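K.L.:
Take a look at this one; I'll ask things after.
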Amino acid sequence: MKARVVSLCVFLLCIPAVCVIGMLFFKERSVSFSCISVVVLMLGAYLYVYEKKRSPAAELVIIALMSALSVLGRIVFAFLPSLKPCSAIIILTAIYFGKETGFMVGAFTALVSNFYFGQGGWTPFQMLAWGLTGYFAGMLGKWLVKNRFLLLAYGAVIGVFFSLLMDLYTCLWTDGKIIFSRYLALISAAAWVTVSYAVSNVIFLALFMQPMGRIFDRLRVKYAIGIYPPEGENNNES
């Protein structure tokens, strides 16, 4: 109950407050200040609520393990800036372990890996983008786990979403506000990066979905960790 009250206070009081503060004190930077502050507050509220809920130890282990694997994947593929397995790992984790676990793995992937790549104003946006990548995958999990084409299509679409959100951050940071013409120019200039993100997600999902799916299915059967049964298996197991 306390966590819910804090969350409501953040959305009903803190977010409007930082928007007003931005307009009063940051003038030409009011939009960028407000947007970054809102992203940080949203992340903080979600992480606080999650921390207050009673999560089983197994779920925390999965979050730590998959976050570490995703971070390692980002570092190993550092020489290929637009080709990363992170989103695929986050998506598959969310499908088999739920949207909240997916969000946490996505957010921690950005936060922890940026200790290697460099922290900055982009970190909260990356945390939100990868967090939502996992959250939406968890919401659609019961369909994605059964349909390979739908899973790959989701990977492509979410890759475009990630790039567009980061282009929005770049626009805010450059101009201090959203200039639509500038945003379109950034999208055009980064078109090859956007396509690379989408293709990268499809490639790594195609490579990982069967081996990781088997491992996650095994964890569910043996240790009752996870939320979806293997494809074609009856939910009423003995």
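So you can find residues: chains in the structure tokens are A, B, ... in the order shown, residues in each start at 1, and ligands are numbered from 1 in order.
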With a distance cut-off of 8 Å and only C-alpha atoms, select the neighbouring residues of Thr109 (chain A), excluding the residue or stretch itself and same-chain residues fewer than 2 positions from it, and output the selection as a list of chain:residue names.
P.N.:
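The neighbour list is A:Ser67, A:Ala68, A:Ser70, A:Val71, A:Cys86, A:Val105, A:Gly106, A:Ala107, A:Leu111, A:Val112, A:Ser113, A:Met127, A:Trp130.
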K.L.:
Can you list, as a ChimeraX atom specification, every residue of region 157-238 of chain A that DSSP puts in helix (DSSP H, G or I)?
P.N.:
/A:157-175,180-189,191-223
K.L.:
Just checking: using only C-alpha atoms, which residue out of A:Thr101, A:Thr93, A:Thr170, A:Thr133 ends up closest to Glu59 (chain A)?
P.N.:
A:Thr101
K.L.:
Residues near region 79-83 of chain A, anyone? I mean within 12 Å using only C-alpha atoms, not counting same-chain ones fewer than 4 positions away, as a PDB file with N, CA, C and O atoms, in the first residue's frame.
P.N.:
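Now in around.pdb:
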```pdb
ATOM      1  N   GLY A  73      26.956  -9.473 -23.242  1.00  0.00           N
ATOM      2  CA  GLY A  73      26.717  -9.471 -24.683  1.00  0.00           C
ATOM      3  C   GLY A  73      26.965  -8.104 -25.295  1.00  0.00           C
ATOM      4  O   GLY A  73      27.530  -7.996 -26.382  1.00  0.00           O
ATOM      5  N   ARG A  74      26.575  -7.049 -24.589  1.00  0.00           N
ATOM      6  CA  ARG A  74      26.796  -5.702 -25.114  1.00  0.00           C
ATOM      7  C   ARG A  74      28.280  -5.364 -25.174  1.00  0.00           C
ATOM      8  O   ARG A  74      28.746  -4.734 -26.124  1.00  0.00           O
ATOM      9  N   ILE A  75      29.015  -5.785 -24.168  1.00  0.00           N
ATOM     10  CA  ILE A  75      30.455  -5.495 -24.122  1.00  0.00           C
ATOM     11  C   ILE A  75      31.204  -6.306 -25.178  1.00  0.00           C
ATOM     12  O   ILE A  75      32.072  -5.783 -25.892  1.00  0.00           O
ATOM     13  N   SER A  87      18.732  -6.852 -26.573  1.00  0.00           N
ATOM     14  CA  SER A  87      17.270  -6.831 -26.686  1.00  0.00           C
ATOM     15  C   SER A  87      16.692  -8.234 -26.788  1.00  0.00           C
ATOM     16  O   SER A  87      15.642  -8.526 -26.206  1.00  0.00           O
ATOM     17  N   ALA A  88      17.378  -9.119 -27.523  1.00  0.00           N
ATOM     18  CA  ALA A  88      16.894 -10.496 -27.657  1.00  0.00           C
ATOM     19  C   ALA A  88      16.866 -11.195 -26.298  1.00  0.00           C
ATOM     20  O   ALA A  88      15.900 -11.898 -25.965  1.00  0.00           O
ATOM     21  N   PHE A 117      30.595   1.669 -20.950  1.00  0.00           N
ATOM     22  CA  PHE A 117      30.480   2.502 -22.143  1.00  0.00           C
ATOM     23  C   PHE A 117      30.423   3.995 -21.830  1.00  0.00           C
ATOM     24  O   PHE A 117      30.663   4.819 -22.701  1.00  0.00           O
ATOM     25  N   GLY A 159      13.132  -2.782 -32.029  1.00  0.00           N
ATOM     26  CA  GLY A 159      14.416  -2.203 -32.406  1.00  0.00           C
ATOM     27  C   GLY A 159      14.239  -0.802 -32.968  1.00  0.00           C
ATOM     28  O   GLY A 159      15.015   0.116 -32.666  1.00  0.00           O
ATOM     29  N   VAL A 160      13.206  -0.615 -33.788  1.00  0.00           N
ATOM     30  CA  VAL A 160      12.884   0.709 -34.326  1.00  0.00           C
ATOM     31  C   VAL A 160      12.467   1.647 -33.195  1.00  0.00           C
ATOM     32  O   VAL A 160      12.891   2.808 -33.134  1.00  0.00           O
ATOM     33  N   PHE A 162      13.361   1.552 -30.046  1.00  0.00           N
ATOM     34  CA  PHE A 162      14.549   1.923 -29.267  1.00  0.00           C
ATOM     35  C   PHE A 162      15.296   3.062 -29.946  1.00  0.00           C
ATOM     36  O   PHE A 162      15.666   4.056 -29.318  1.00  0.00           O
ATOM     37  N   SER A 163      15.510   2.932 -31.252  1.00  0.00           N
ATOM     38  CA  SER A 163      16.242   3.962 -31.990  1.00  0.00           C
ATOM     39  C   SER A 163      15.495   5.288 -32.000  1.00  0.00           C
ATOM     40  O   SER A 163      16.090   6.356 -31.809  1.00  0.00           O
ATOM     41  N   ALA A 190      20.069   8.669 -38.918  1.00  0.00           N
ATOM     42  CA  ALA A 190      20.322   7.427 -38.182  1.00  0.00           C
ATOM     43  C   ALA A 190      19.518   6.256 -38.728  1.00  0.00           C
ATOM     44  O   ALA A 190      19.369   5.239 -38.045  1.00  0.00           O
ATOM     45  N   ALA A 191      19.030   6.379 -39.944  1.00  0.00           N
ATOM     46  CA  ALA A 191      18.174   5.330 -40.509  1.00  0.00           C
ATOM     47  C   ALA A 191      18.882   3.983 -40.561  1.00  0.00           C
ATOM     48  O   ALA A 191      18.299   2.945 -40.248  1.00  0.00           O
ATOM     49  N   TRP A 192      20.169   4.015 -40.934  1.00  0.00           N
ATOM     50  CA  TRP A 192      20.908   2.743 -41.020  1.00  0.00           C
ATOM     51  C   TRP A 192      21.094   2.111 -39.646  1.00  0.00           C
ATOM     52  O   TRP A 192      21.097   0.879 -39.511  1.00  0.00           O
ATOM     53  N   VAL A 193      21.212   2.972 -38.611  1.00  0.00           N
ATOM     54  CA  VAL A 193      21.322   2.454 -37.236  1.00  0.00           C
ATOM     55  C   VAL A 193      20.002   1.812 -36.823  1.00  0.00           C
ATOM     56  O   VAL A 193      19.979   0.742 -36.207  1.00  0.00           O
ATOM     57  N   THR A 194      18.887   2.470 -37.150  1.00  0.00           N
ATOM     58  CA  THR A 194      17.563   1.938 -36.831  1.00  0.00           C
ATOM     59  C   THR A 194      17.354   0.579 -37.488  1.00  0.00           C
ATOM     60  O   THR A 194      16.887  -0.372 -36.843  1.00  0.00           O
ATOM     61  N   VAL A 195      17.700   0.494 -38.763  1.00  0.00           N
ATOM     62  CA  VAL A 195      17.563  -0.776 -39.475  1.00  0.00           C
ATOM     63  C   VAL A 195      18.476  -1.835 -38.855  1.00  0.00           C
ATOM     64  O   VAL A 195      18.081  -2.999 -38.700  1.00  0.00           O
ATOM     65  N   SER A 196      19.678  -1.425 -38.465  1.00  0.00           N
ATOM     66  CA  SER A 196      20.621  -2.368 -37.845  1.00  0.00           C
ATOM     67  C   SER A 196      20.087  -2.919 -36.531  1.00  0.00           C
ATOM     68  O   SER A 196      20.229  -4.108 -36.237  1.00  0.00           O
ATOM     69  N   TYR A 197      19.467  -2.036 -35.723  1.00  0.00           N
ATOM     70  CA  TYR A 197      18.866  -2.496 -34.473  1.00  0.00           C
ATOM     71  C   TYR A 197      17.784  -3.543 -34.740  1.00  0.00           C
ATOM     72  O   TYR A 197      17.724  -4.590 -34.072  1.00  0.00           O
ATOM     73  N   ALA A 198      16.928  -3.248 -35.710  1.00  0.00           N
ATOM     74  CA  ALA A 198      15.832  -4.159 -36.027  1.00  0.00           C
ATOM     75  C   ALA A 198      16.365  -5.502 -36.525  1.00  0.00           C
ATOM     76  O   ALA A 198      15.932  -6.571 -36.061  1.00  0.00           O
ATOM     77  N   VAL A 199      17.310  -5.455 -37.454  1.00  0.00           N
ATOM     78  CA  VAL A 199      17.892  -6.685 -38.012  1.00  0.00           C
ATOM     79  C   VAL A 199      18.645  -7.456 -36.939  1.00  0.00           C
ATOM     80  O   VAL A 199      18.561  -8.690 -36.859  1.00  0.00           O
ATOM     81  N   SER A 200      19.373  -6.739 -36.098  1.00  0.00           N
ATOM     82  CA  SER A 200      20.121  -7.381 -35.015  1.00  0.00           C
ATOM     83  C   SER A 200      19.190  -8.147 -34.082  1.00  0.00           C
ATOM     84  O   SER A 200      19.469  -9.299 -33.706  1.00  0.00           O
ATOM     85  N   ASN A 201      18.076  -7.536 -33.709  1.00  0.00           N
ATOM     86  CA  ASN A 201      17.119  -8.211 -32.837  1.00  0.00           C
ATOM     87  C   ASN A 201      16.572  -9.475 -33.475  1.00  0.00           C
ATOM     88  O   ASN A 201      16.436 -10.522 -32.816  1.00  0.00           O
ATOM     89  N   VAL A 202      16.255  -9.393 -34.764  1.00  0.00           N
ATOM     90  CA  VAL A 202      15.717 -10.565 -35.475  1.00  0.00           C
ATOM     91  C   VAL A 202      16.752 -11.681 -35.512  1.00  0.00           C
ATOM     92  O   VAL A 202      16.439 -12.854 -35.252  1.00  0.00           O
ATOM     93  N   ILE A 203      18.004 -11.340 -35.817  1.00  0.00           N
ATOM     94  CA  ILE A 203      19.070 -12.349 -35.905  1.00  0.00           C
ATOM     95  C   ILE A 203      19.275 -13.049 -34.576  1.00  0.00           C
ATOM     96  O   ILE A 203      19.299 -14.286 -34.499  1.00  0.00           O
ATOM     97  N   PHE A 204      19.414 -12.270 -33.513  1.00  0.00           N
ATOM     98  CA  PHE A 204      19.706 -12.874 -32.212  1.00  0.00           C
ATOM     99  C   PHE A 204      18.493 -13.609 -31.636  1.00  0.00           C
ATOM    100  O   PHE A 204      18.666 -14.626 -30.936  1.00  0.00           O
TER     101      PHE A 204
END
```
K.L.:
One decimal, in Å: what's the spacing between CA of Phe149 (chain A) and CA of Leu205 (chain A)?
P.N.:
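CA of Leu205 (chain A) lies at a distance of 10.6 Å from CA of Phe149 (chain A).
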K.L.:
Check the smallest atom-to-atom distance from each of A:Ile227, A:Met104, A:Leu165, A:Lys146 to Phe125 (chain A) using only C-alpha atoms, then report the winner.
P.N.:
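Checking each candidate against Phe125 (chain A), we get A:Leu165 as the closest.
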K.L.:
If we count only C-alpha atoms, what is near Leu92 (chain A) at a cut-off of 12 Å, once residues fewer than 4 positions away on the same chain are taken out, given as a PyMOL selection string?
P.N.:
chain A and resi 66+70+85-88+96-99+101-103+105-106+133-138+140-142+144-145+148+151-152+154-155+201+204-217+226+228
K.L.:
Write out, as a compact mmCIF listing (two decimals), in the first residue's frame, the residues just selected, with N, CA and C atoms.
P.N.:
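Writing the result to selection-v1.txt gives the following:
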```
# COMPACT_ATOMS: atom_id res chain seq x y z
N MET A 66 20.41 -12.86 -15.90
CA MET A 66 20.11 -12.42 -17.26
C MET A 66 20.62 -10.99 -17.51
N SER A 70 23.20 -10.13 -20.46
CA SER A 70 22.91 -9.07 -21.42
C SER A 70 24.03 -8.03 -21.45
N PRO A 85 23.16 -8.39 -28.74
CA PRO A 85 22.17 -9.40 -28.35
C PRO A 85 21.29 -8.99 -27.18
N CYS A 86 21.50 -7.76 -26.67
CA CYS A 86 20.82 -7.35 -25.44
C CYS A 86 19.30 -7.44 -25.53
N SER A 87 18.73 -6.85 -26.57
CA SER A 87 17.27 -6.83 -26.69
C SER A 87 16.69 -8.23 -26.79
N ALA A 88 17.38 -9.12 -27.52
CA ALA A 88 16.89 -10.50 -27.66
C ALA A 88 16.87 -11.19 -26.30
N TYR A 96 9.34 -15.52 -20.78
CA TYR A 96 9.29 -16.71 -19.92
C TYR A 96 9.19 -16.40 -18.43
N PHE A 97 9.55 -15.17 -18.02
CA PHE A 97 9.54 -14.86 -16.59
C PHE A 97 8.67 -13.66 -16.22
N GLY A 98 8.02 -13.05 -17.20
CA GLY A 98 7.07 -11.99 -16.89
C GLY A 98 7.57 -10.59 -17.20
N LYS A 99 6.63 -9.67 -17.33
CA LYS A 99 6.94 -8.31 -17.75
C LYS A 99 7.77 -7.54 -16.72
N THR A 101 9.99 -8.78 -14.55
CA THR A 101 11.36 -9.28 -14.65
C THR A 101 12.02 -8.75 -15.92
N GLY A 102 11.27 -8.72 -17.02
CA GLY A 102 11.81 -8.19 -18.26
C GLY A 102 12.20 -6.72 -18.14
N PHE A 103 11.35 -5.94 -17.47
CA PHE A 103 11.66 -4.52 -17.30
C PHE A 103 12.94 -4.34 -16.48
N VAL A 105 15.45 -6.44 -16.03
CA VAL A 105 16.64 -6.86 -16.78
C VAL A 105 17.01 -5.80 -17.81
N GLY A 106 16.01 -5.22 -18.48
CA GLY A 106 16.28 -4.18 -19.45
C GLY A 106 16.90 -2.94 -18.82
N THR A 133 11.13 -2.48 -23.52
CA THR A 133 11.31 -3.62 -24.43
C THR A 133 10.91 -4.92 -23.73
N GLY A 134 11.37 -5.07 -22.49
CA GLY A 134 11.03 -6.25 -21.72
C GLY A 134 9.59 -6.24 -21.23
N TYR A 135 9.12 -5.07 -20.82
CA TYR A 135 7.77 -4.97 -20.27
C TYR A 135 6.72 -5.34 -21.32
N PHE A 136 6.84 -4.77 -22.51
CA PHE A 136 5.88 -5.06 -23.58
C PHE A 136 5.98 -6.52 -24.02
N ALA A 137 7.21 -7.05 -24.05
CA ALA A 137 7.38 -8.47 -24.42
C ALA A 137 6.68 -9.37 -23.41
N GLY A 138 6.77 -9.00 -22.13
CA GLY A 138 6.07 -9.78 -21.11
C GLY A 138 4.57 -9.69 -21.25
N LEU A 140 2.95 -9.32 -24.02
CA LEU A 140 2.56 -10.08 -25.21
C LEU A 140 3.08 -11.51 -25.18
N GLY A 141 3.65 -11.90 -24.06
CA GLY A 141 4.36 -13.17 -23.98
C GLY A 141 3.56 -14.39 -24.38
N LYS A 142 2.29 -14.46 -24.02
CA LYS A 142 1.50 -15.66 -24.31
C LYS A 142 1.28 -15.85 -25.80
N LEU A 144 3.71 -14.34 -28.14
CA LEU A 144 5.05 -14.43 -28.70
C LEU A 144 5.67 -15.80 -28.51
N VAL A 145 5.35 -16.46 -27.39
CA VAL A 145 5.96 -17.75 -27.11
C VAL A 145 5.45 -18.84 -28.05
N ARG A 148 6.58 -17.95 -33.80
CA ARG A 148 7.94 -17.52 -34.10
C ARG A 148 7.95 -16.25 -34.96
N LEU A 151 7.17 -13.25 -32.89
CA LEU A 151 8.31 -12.93 -32.02
C LEU A 151 9.37 -12.14 -32.79
N LEU A 152 9.71 -12.60 -33.98
CA LEU A 152 10.71 -11.92 -34.79
C LEU A 152 10.21 -10.53 -35.22
N TYR A 154 8.11 -8.68 -33.54
CA TYR A 154 8.20 -7.83 -32.34
C TYR A 154 9.63 -7.34 -32.16
N GLY A 155 10.61 -8.22 -32.35
CA GLY A 155 12.00 -7.83 -32.22
C GLY A 155 12.36 -6.70 -33.17
N ASN A 201 18.08 -7.54 -33.71
CA ASN A 201 17.12 -8.21 -32.84
C ASN A 201 16.57 -9.48 -33.47
N PHE A 204 19.41 -12.27 -33.51
CA PHE A 204 19.71 -12.87 -32.21
C PHE A 204 18.49 -13.61 -31.64
N LEU A 205 17.29 -13.13 -31.91
CA LEU A 205 16.11 -13.87 -31.48
C LEU A 205 16.03 -15.22 -32.19
N ALA A 206 16.33 -15.22 -33.49
CA ALA A 206 16.31 -16.46 -34.26
C ALA A 206 17.35 -17.45 -33.73
N LEU A 207 18.50 -16.92 -33.29
CA LEU A 207 19.57 -17.79 -32.78
C LEU A 207 19.29 -18.28 -31.36
N PHE A 208 18.69 -17.43 -30.53
CA PHE A 208 18.57 -17.72 -29.10
C PHE A 208 17.25 -18.36 -28.70
N MET A 209 16.17 -18.18 -29.50
CA MET A 209 14.85 -18.53 -28.99
C MET A 209 14.72 -20.02 -28.67
N GLN A 210 15.32 -20.90 -29.45
CA GLN A 210 15.19 -22.33 -29.16
C GLN A 210 16.08 -22.77 -28.00
N PRO A 211 17.41 -22.48 -28.03
CA PRO A 211 18.23 -22.93 -26.89
C PRO A 211 17.83 -22.29 -25.56
N MET A 212 17.58 -20.99 -25.57
CA MET A 212 17.18 -20.33 -24.33
C MET A 212 15.79 -20.77 -23.91
N GLY A 213 14.91 -20.99 -24.87
CA GLY A 213 13.56 -21.48 -24.55
C GLY A 213 13.62 -22.84 -23.85
N ARG A 214 14.50 -23.73 -24.34
CA ARG A 214 14.63 -25.05 -23.70
C ARG A 214 15.14 -24.92 -22.27
N ILE A 215 16.10 -24.03 -22.07
CA ILE A 215 16.64 -23.83 -20.73
C ILE A 215 15.57 -23.27 -19.80
N PHE A 216 14.83 -22.27 -20.26
CA PHE A 216 13.80 -21.65 -19.43
C PHE A 216 12.66 -22.64 -19.15
N ASP A 217 12.32 -23.45 -20.15
CA ASP A 217 11.29 -24.47 -19.94
C ASP A 217 11.74 -25.47 -18.87
N GLY A 226 9.09 -19.40 -13.72
CA GLY A 226 8.62 -19.01 -15.04
C GLY A 226 7.11 -19.02 -15.09
N TYR A 228 5.22 -19.58 -18.51
CA TYR A 228 4.60 -20.22 -19.66
C TYR A 228 5.13 -21.64 -19.87
```
